[in-house]
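So this block is model_11.cif, mmCIF, C-alpha atoms:
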data_final
#
loop_
_atom_site.group_PDB
_atom_site.id
_atom_site.type_symbol
_atom_site.label_atom_id
_atom_site.label_comp_id
_atom_site.auth_asym_id
_atom_site.auth_seq_id
_atom_site.Cartn_x
_atom_site.Cartn_y
_atom_site.Cartn_z
ATOM 1 C CA MET A 1 55.402 222.987 191.018
ATOM 2 C CA THR A 2 57.723 220.012 191.381
ATOM 3 C CA LEU A 3 57.494 220.292 195.179
ATOM 4 C CA ALA A 4 53.692 219.997 194.953
ATOM 5 C CA ILE A 5 53.959 217.022 192.597
ATOM 6 C CA GLY A 6 56.353 215.295 194.989
ATOM 7 C CA LEU A 7 54.144 215.963 198.005
ATOM 8 C CA LEU A 8 51.029 214.727 196.198
ATOM 9 C CA GLY A 9 52.887 211.604 195.053
ATOM 10 C CA ALA A 10 54.155 210.915 198.569
ATOM 11 C CA ALA A 11 50.704 211.502 200.092
ATOM 12 C CA SER A 12 49.047 209.185 197.566
ATOM 13 C CA THR A 13 51.660 206.530 198.248
ATOM 14 C CA LEU A 14 51.126 206.781 201.994
ATOM 15 C CA VAL A 15 47.344 206.478 201.567
ATOM 16 C CA SER A 16 47.858 203.345 199.481
ATOM 17 C CA ALA A 17 50.330 201.958 202.033
ATOM 18 C CA ALA A 18 47.874 202.594 204.881
ATOM 19 C CA ALA A 19 45.148 200.699 203.007
ATOM 20 C CA LEU A 20 47.644 197.882 202.310
ATOM 21 C CA VAL A 21 48.656 197.605 205.974
ATOM 22 C CA ARG A 22 45.078 197.755 207.243
ATOM 23 C CA GLY A 23 44.090 195.047 204.788
ATOM 24 C CA SER A 24 40.977 196.890 203.777
ATOM 25 C CA GLY A 25 40.034 199.286 201.056
ATOM 26 C CA ASP A 26 41.240 197.495 197.927
ATOM 27 C CA ARG A 27 39.796 200.286 195.789
ATOM 28 C CA VAL A 28 41.561 202.910 197.883
ATOM 29 C CA LYS A 29 44.839 200.992 197.719
ATOM 30 C CA THR A 30 44.771 200.566 193.947
ATOM 31 C CA ALA A 31 43.527 204.088 193.186
ATOM 32 C CA ALA A 32 46.041 205.797 195.482
ATOM 33 C CA ALA A 33 48.923 203.793 193.969
ATOM 34 C CA ALA A 34 47.697 204.731 190.486
ATOM 35 C CA TYR A 35 47.578 208.425 191.373
ATOM 36 C CA ALA A 36 51.035 208.201 192.945
ATOM 37 C CA ALA A 37 52.350 206.725 189.679
ATOM 38 C CA LEU A 38 50.751 209.592 187.740
ATOM 39 C CA PHE A 39 52.379 212.162 190.035
ATOM 40 C CA VAL A 40 55.750 210.426 189.661
ATOM 41 C CA ALA A 41 55.316 210.404 185.872
ATOM 42 C CA ALA A 42 54.528 214.138 185.968
ATOM 43 C CA GLY A 43 57.547 214.813 188.174
ATOM 44 C CA ILE A 44 59.866 212.849 185.907
ATOM 45 C CA ALA A 45 58.481 214.557 182.801
ATOM 46 C CA ARG A 46 58.924 217.957 184.425
ATOM 47 C CA THR A 47 62.455 217.507 185.774
ATOM 48 C CA THR A 48 64.244 215.151 183.377
ATOM 49 C CA HIS A 49 65.494 216.408 180.029
ATOM 50 C CA PRO A 50 65.140 214.930 177.539
ATOM 51 C CA VAL A 51 61.899 213.507 178.860
ATOM 52 C CA PRO A 52 62.118 209.707 179.145
ATOM 53 C CA ARG A 53 58.893 209.086 177.239
ATOM 54 C CA ASP A 54 59.030 205.312 177.647
ATOM 55 C CA LEU A 55 59.286 205.594 181.441
ATOM 56 C CA VAL A 56 56.476 208.147 181.627
ATOM 57 C CA PHE A 57 54.324 206.006 179.306
ATOM 58 C CA LEU A 58 54.868 202.873 181.426
ATOM 59 C CA LEU A 59 53.902 204.724 184.606
ATOM 60 C CA ILE A 60 50.718 205.953 182.894
ATOM 61 C CA VAL A 61 49.920 202.413 181.695
ATOM 62 C CA PHE A 62 50.462 201.108 185.242
ATOM 63 C CA ALA A 63 48.132 203.794 186.607
ATOM 64 C CA ALA A 64 45.435 203.135 184.006
ATOM 65 C CA ALA A 65 45.498 199.383 184.625
ATOM 66 C CA ARG A 66 45.373 199.890 188.399
ATOM 67 C CA LEU A 67 42.430 202.274 188.095
ATOM 68 C CA ALA A 68 40.537 199.797 185.899
ATOM 69 C CA ILE A 69 41.150 196.695 188.064
ATOM 70 C CA PRO A 70 38.359 197.363 190.639
ATOM 71 C CA THR A 71 35.855 197.656 187.783
ATOM 72 C CA PHE A 72 36.050 193.896 187.316
ATOM 73 C CA PRO A 73 35.282 191.856 190.459
ATOM 74 C CA ALA A 74 36.845 188.691 189.040
ATOM 75 C CA GLY A 75 37.575 186.926 185.824
ATOM 76 C CA LEU A 76 39.879 187.115 182.870
ATOM 77 C CA GLU A 77 39.596 190.898 182.469
ATOM 78 C CA ARG A 78 40.838 191.495 186.007
ATOM 79 C CA LEU A 79 43.662 189.017 185.493
ATOM 80 C CA LEU A 80 44.727 190.723 182.246
ATOM 81 C CA LEU A 81 44.670 194.164 183.856
ATOM 82 C CA ALA A 82 46.721 192.858 186.781
ATOM 83 C CA GLY A 83 49.213 191.370 184.328
ATOM 84 C CA ILE A 84 49.474 194.686 182.482
ATOM 85 C CA ALA A 85 50.034 196.532 185.769
ATOM 86 C CA LEU A 86 52.683 194.004 186.845
ATOM 87 C CA ALA A 87 54.531 194.213 183.540
ATOM 88 C CA ALA A 88 54.366 198.012 183.336
ATOM 89 C CA ALA A 89 55.609 198.488 186.905
ATOM 90 C CA ALA A 90 58.449 196.001 186.492
ATOM 91 C CA TRP A 91 59.522 197.434 183.146
ATOM 92 C CA ALA A 92 59.359 201.016 184.440
ATOM 93 C CA ALA A 93 61.376 200.123 187.537
ATOM 94 C CA LEU A 94 64.013 198.345 185.441
ATOM 95 C CA ILE A 95 64.533 201.145 182.919
ATOM 96 C CA ALA A 96 64.357 204.017 185.421
ATOM 97 C CA PRO A 97 68.070 203.945 186.406
ATOM 98 C CA ASP A 98 69.060 204.435 182.755
ATOM 99 C CA ARG A 99 66.539 207.236 182.160
ATOM 100 C CA VAL A 100 67.050 209.458 185.206
ATOM 101 C CA HIS A 101 70.282 210.592 186.798
ATOM 102 C CA TRP A 102 69.468 210.430 190.486
ATOM 103 C CA LEU A 103 69.093 207.706 193.136
ATOM 104 C CA HIS A 104 70.849 205.312 190.759
ATOM 105 C CA GLY A 105 71.836 202.632 193.286
ATOM 106 C CA PHE A 106 68.414 202.549 194.912
ATOM 107 C CA LEU A 107 66.633 202.460 191.553
ATOM 108 C CA VAL A 108 68.750 199.522 190.339
ATOM 109 C CA VAL A 109 68.155 197.415 193.457
ATOM 110 C CA GLU A 110 64.473 198.286 193.764
ATOM 111 C CA GLY A 111 63.966 197.632 190.044
ATOM 112 C CA TRP A 112 65.201 194.076 190.452
ATOM 113 C CA VAL A 113 63.108 193.583 193.604
ATOM 114 C CA ILE A 114 60.008 194.713 191.723
ATOM 115 C CA LEU A 115 60.835 192.468 188.755
ATOM 116 C CA VAL A 116 61.297 189.378 190.954
ATOM 117 C CA THR A 117 58.128 190.021 192.954
ATOM 118 C CA ALA A 118 56.150 190.756 189.776
ATOM 119 C CA ALA A 119 57.324 187.503 188.177
ATOM 120 C CA ALA A 120 56.517 185.508 191.321
ATOM 121 C CA TYR A 121 53.115 187.138 191.681
ATOM 122 C CA GLY A 122 52.335 186.584 187.993
ATOM 123 C CA ALA A 123 53.269 182.907 188.295
ATOM 124 C CA ALA A 124 51.105 182.590 191.411
ATOM 125 C CA MET A 125 48.143 184.150 189.590
ATOM 126 C CA LEU A 126 48.534 181.675 186.738
ATOM 127 C CA LEU A 127 48.840 178.817 189.208
ATOM 128 C CA ALA A 128 45.665 180.009 190.916
ATOM 129 C CA LEU A 129 43.855 179.606 187.596
ATOM 130 C CA ALA A 130 44.880 175.962 187.430
ATOM 131 C CA ARG A 131 44.362 175.205 191.119
ATOM 132 C CA PRO A 132 42.338 177.783 193.026
ATOM 133 C CA THR A 133 44.364 178.692 196.093
ATOM 134 C CA ARG A 134 44.574 182.308 197.121
ATOM 135 C CA ARG A 135 47.048 182.369 200.005
ATOM 136 C CA LEU A 136 50.237 182.431 197.946
ATOM 137 C CA SER A 137 48.975 184.964 195.425
ATOM 138 C CA TRP A 138 47.579 187.154 198.242
ATOM 139 C CA ALA A 139 50.954 187.228 200.008
ATOM 140 C CA LEU A 140 52.852 187.922 196.789
ATOM 141 C CA ASP A 141 50.366 190.670 195.914
ATOM 142 C CA ARG A 142 51.197 192.358 199.221
ATOM 143 C CA VAL A 143 54.961 191.998 198.690
ATOM 144 C CA PHE A 144 54.716 193.370 195.133
ATOM 145 C CA ASP A 145 52.536 196.278 196.263
ATOM 146 C CA ALA A 146 54.967 197.076 199.076
ATOM 147 C CA ALA A 147 57.938 197.074 196.688
ATOM 148 C CA VAL A 148 56.158 199.351 194.201
ATOM 149 C CA LEU A 149 54.968 201.689 196.963
ATOM 150 C CA ILE A 150 58.496 201.999 198.355
ATOM 151 C CA TRP A 151 59.727 202.857 194.849
ATOM 152 C CA LEU A 152 56.968 205.428 194.330
ATOM 153 C CA LEU A 153 57.508 206.992 197.771
ATOM 154 C CA ILE A 154 61.271 207.372 197.410
ATOM 155 C CA VAL A 155 60.960 208.817 193.899
ATOM 156 C CA SER A 156 58.183 211.184 195.067
ATOM 157 C CA LEU A 157 60.309 212.339 197.979
ATOM 158 C CA HIS A 158 63.154 212.984 195.563
ATOM 159 C CA PHE A 159 61.014 215.723 194.003
ATOM 160 C CA VAL A 160 60.439 217.284 197.436
ATOM 161 C CA THR A 161 64.120 217.689 198.231
#
Would you mind writing the file out in structure tokens?
Amino acid sequence: MTLAIGLLGAASTLVSAAALVRGSGDRVKTAAAAYAALFVAAGIARTTHPVPRDLVFLLIVFAAARLAIPTFPAGLERLLLAGIALAAAAWAALIAPDRVHWLHGFLVVEGWVILVTAAAYGAAMLLALARPTRRLSWALDRVFDAAVLIWLLIVSLHFVT
């Protein structure tokens, strides 16, 4: 069962990464990343005892926010959902090394990378509200997504091995 969860998580991550690289399919990119987070949450809940409920909860919150983002084309709702997704991903990545007992070094480094990119992207989104410029926030969105997808892929592959 864990092998299937890991493979589904890795496949979802790769679909999201392909949409990110192609620069098209925003709905595909966000949905696939959300499903990858759900598969990772299921894998962690299945293999880690005691279950790190806070980590699993944050991954579910990230997934729910990502799935809801395409519902709103623009506006405050979309910005709030993006902020929730940023915060949940960063928090989950930061607490993961203390909740699971594998890939510790990678999880520590990648957690800090995700936190820094999430903070920079969040600041760029707030700046875009004050002065509408999309280039910086677009680039930081891609860097944040890449960091999260790398995290999700490596953790998913951990369940395969």
For a quick check of understanding, using all atoms listed in the file, which of A:Leu107, A:Ala18, A:Val56, A:Ala11 has the smallest distance to A:Tyr35?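 Of A:Leu107, A:Ala18, A:Val56, A:Ala11, the one nearest A:Tyr35 is A:Ala11, counting all atoms listed in the file.
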So that all listed atoms of stretch 54-62 of chain A fit with 3 Å spare on each side, what axis-aligned box centre and edge lengths in Å, to one decimal, would you give as lines of an AutoDock Vina configuration file?
center_x = 54.6
center_y = 204.6
center_z = 181.4
size_x = 15.4
size_y = 13.0
size_z = 13.6
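The residues caught by the PyMOL selection byres ((chain A and resi 151) around 9) in this file are Ala93, Phe106, Leu107, Glu110, Gly111, Ile114, Ala146, Ala147, Val148, Leu149, Ile150, Leu152, Leu153, Ile154, Val155 and Ser156 of chain A.
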Just-selected residues, C-alpha atoms written as a compact mmCIF listing (two decimals), in the coordinates of the input:
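Dumped everything to selection.txt:
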# COMPACT_ATOMS: atom_id res chain seq x y z
CA ALA A 93 61.38 200.12 187.54
CA PHE A 106 68.41 202.55 194.91
CA LEU A 107 66.63 202.46 191.55
CA GLU A 110 64.47 198.29 193.76
CA GLY A 111 63.97 197.63 190.04
CA ILE A 114 60.01 194.71 191.72
CA ALA A 146 54.97 197.08 199.08
CA ALA A 147 57.94 197.07 196.69
CA VAL A 148 56.16 199.35 194.20
CA LEU A 149 54.97 201.69 196.96
CA ILE A 150 58.50 202.00 198.36
CA LEU A 152 56.97 205.43 194.33
CA LEU A 153 57.51 206.99 197.77
CA ILE A 154 61.27 207.37 197.41
CA VAL A 155 60.96 208.82 193.90
CA SER A 156 58.18 211.18 195.07
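Compared by their closest atoms to A:Val28, and using only C-alpha atoms, the residues A:Pro52, A:Leu67, A:Ala45, A:Met1 rank with A:Leu67 nearest.
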Write out as a PyMOL selection string which residues come within 10 Å of stretch 87-91 of chain A when counting all atoms listed in the file, dropping same-chain ones fewer than 5 positions away. chain A and resi 37+54-55+57-63+65+81-82+96+110-119+122+144+148+151
Since we have the selection now, will you write its residues out, keeping C-alpha atoms, as an mmCIF file, in the frame of the given file?
data_model
loop_
_atom_site.group_PDB
_atom_site.id
_atom_site.type_symbol
_atom_site.label_atom_id
_atom_site.label_comp_id
_atom_site.auth_asym_id
_atom_site.auth_seq_id
_atom_site.Cartn_x
_atom_site.Cartn_y
_atom_site.Cartn_z
ATOM 1 C CA ALA A 37 52.350 206.725 189.679
ATOM 2 C CA ASP A 54 59.030 205.312 177.647
ATOM 3 C CA LEU A 55 59.286 205.594 181.441
ATOM 4 C CA PHE A 57 54.324 206.006 179.306
ATOM 5 C CA LEU A 58 54.868 202.873 181.426
ATOM 6 C CA LEU A 59 53.902 204.724 184.606
ATOM 7 C CA ILE A 60 50.718 205.953 182.894
ATOM 8 C CA VAL A 61 49.920 202.413 181.695
ATOM 9 C CA PHE A 62 50.462 201.108 185.242
ATOM 10 C CA ALA A 63 48.132 203.794 186.607
ATOM 11 C CA ALA A 65 45.498 199.383 184.625
ATOM 12 C CA LEU A 81 44.670 194.164 183.856
ATOM 13 C CA ALA A 82 46.721 192.858 186.781
ATOM 14 C CA ALA A 96 64.357 204.017 185.421
ATOM 15 C CA GLU A 110 64.473 198.286 193.764
ATOM 16 C CA GLY A 111 63.966 197.632 190.044
ATOM 17 C CA TRP A 112 65.201 194.076 190.452
ATOM 18 C CA VAL A 113 63.108 193.583 193.604
ATOM 19 C CA ILE A 114 60.008 194.713 191.723
ATOM 20 C CA LEU A 115 60.835 192.468 188.755
ATOM 21 C CA VAL A 116 61.297 189.378 190.954
ATOM 22 C CA THR A 117 58.128 190.021 192.954
ATOM 23 C CA ALA A 118 56.150 190.756 189.776
ATOM 24 C CA ALA A 119 57.324 187.503 188.177
ATOM 25 C CA GLY A 122 52.335 186.584 187.993
ATOM 26 C CA PHE A 144 54.716 193.370 195.133
ATOM 27 C CA VAL A 148 56.158 199.351 194.201
ATOM 28 C CA TRP A 151 59.727 202.857 194.849
#
Please indicate the distance in Å from atom CA of A:Lys29 to atom CA of A:Ala85, rounded to one decimal place.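 Pair atom CA of A:Lys29 / atom CA of A:Ala85 returns 13.8 Å.
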Which of these residues is nearest to A:His101, using all atoms listed in the file: A:Val143, A:Leu126, A:Ala120, A:Ile44?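 Smallest separation from A:His101 among the options: A:Ile44.
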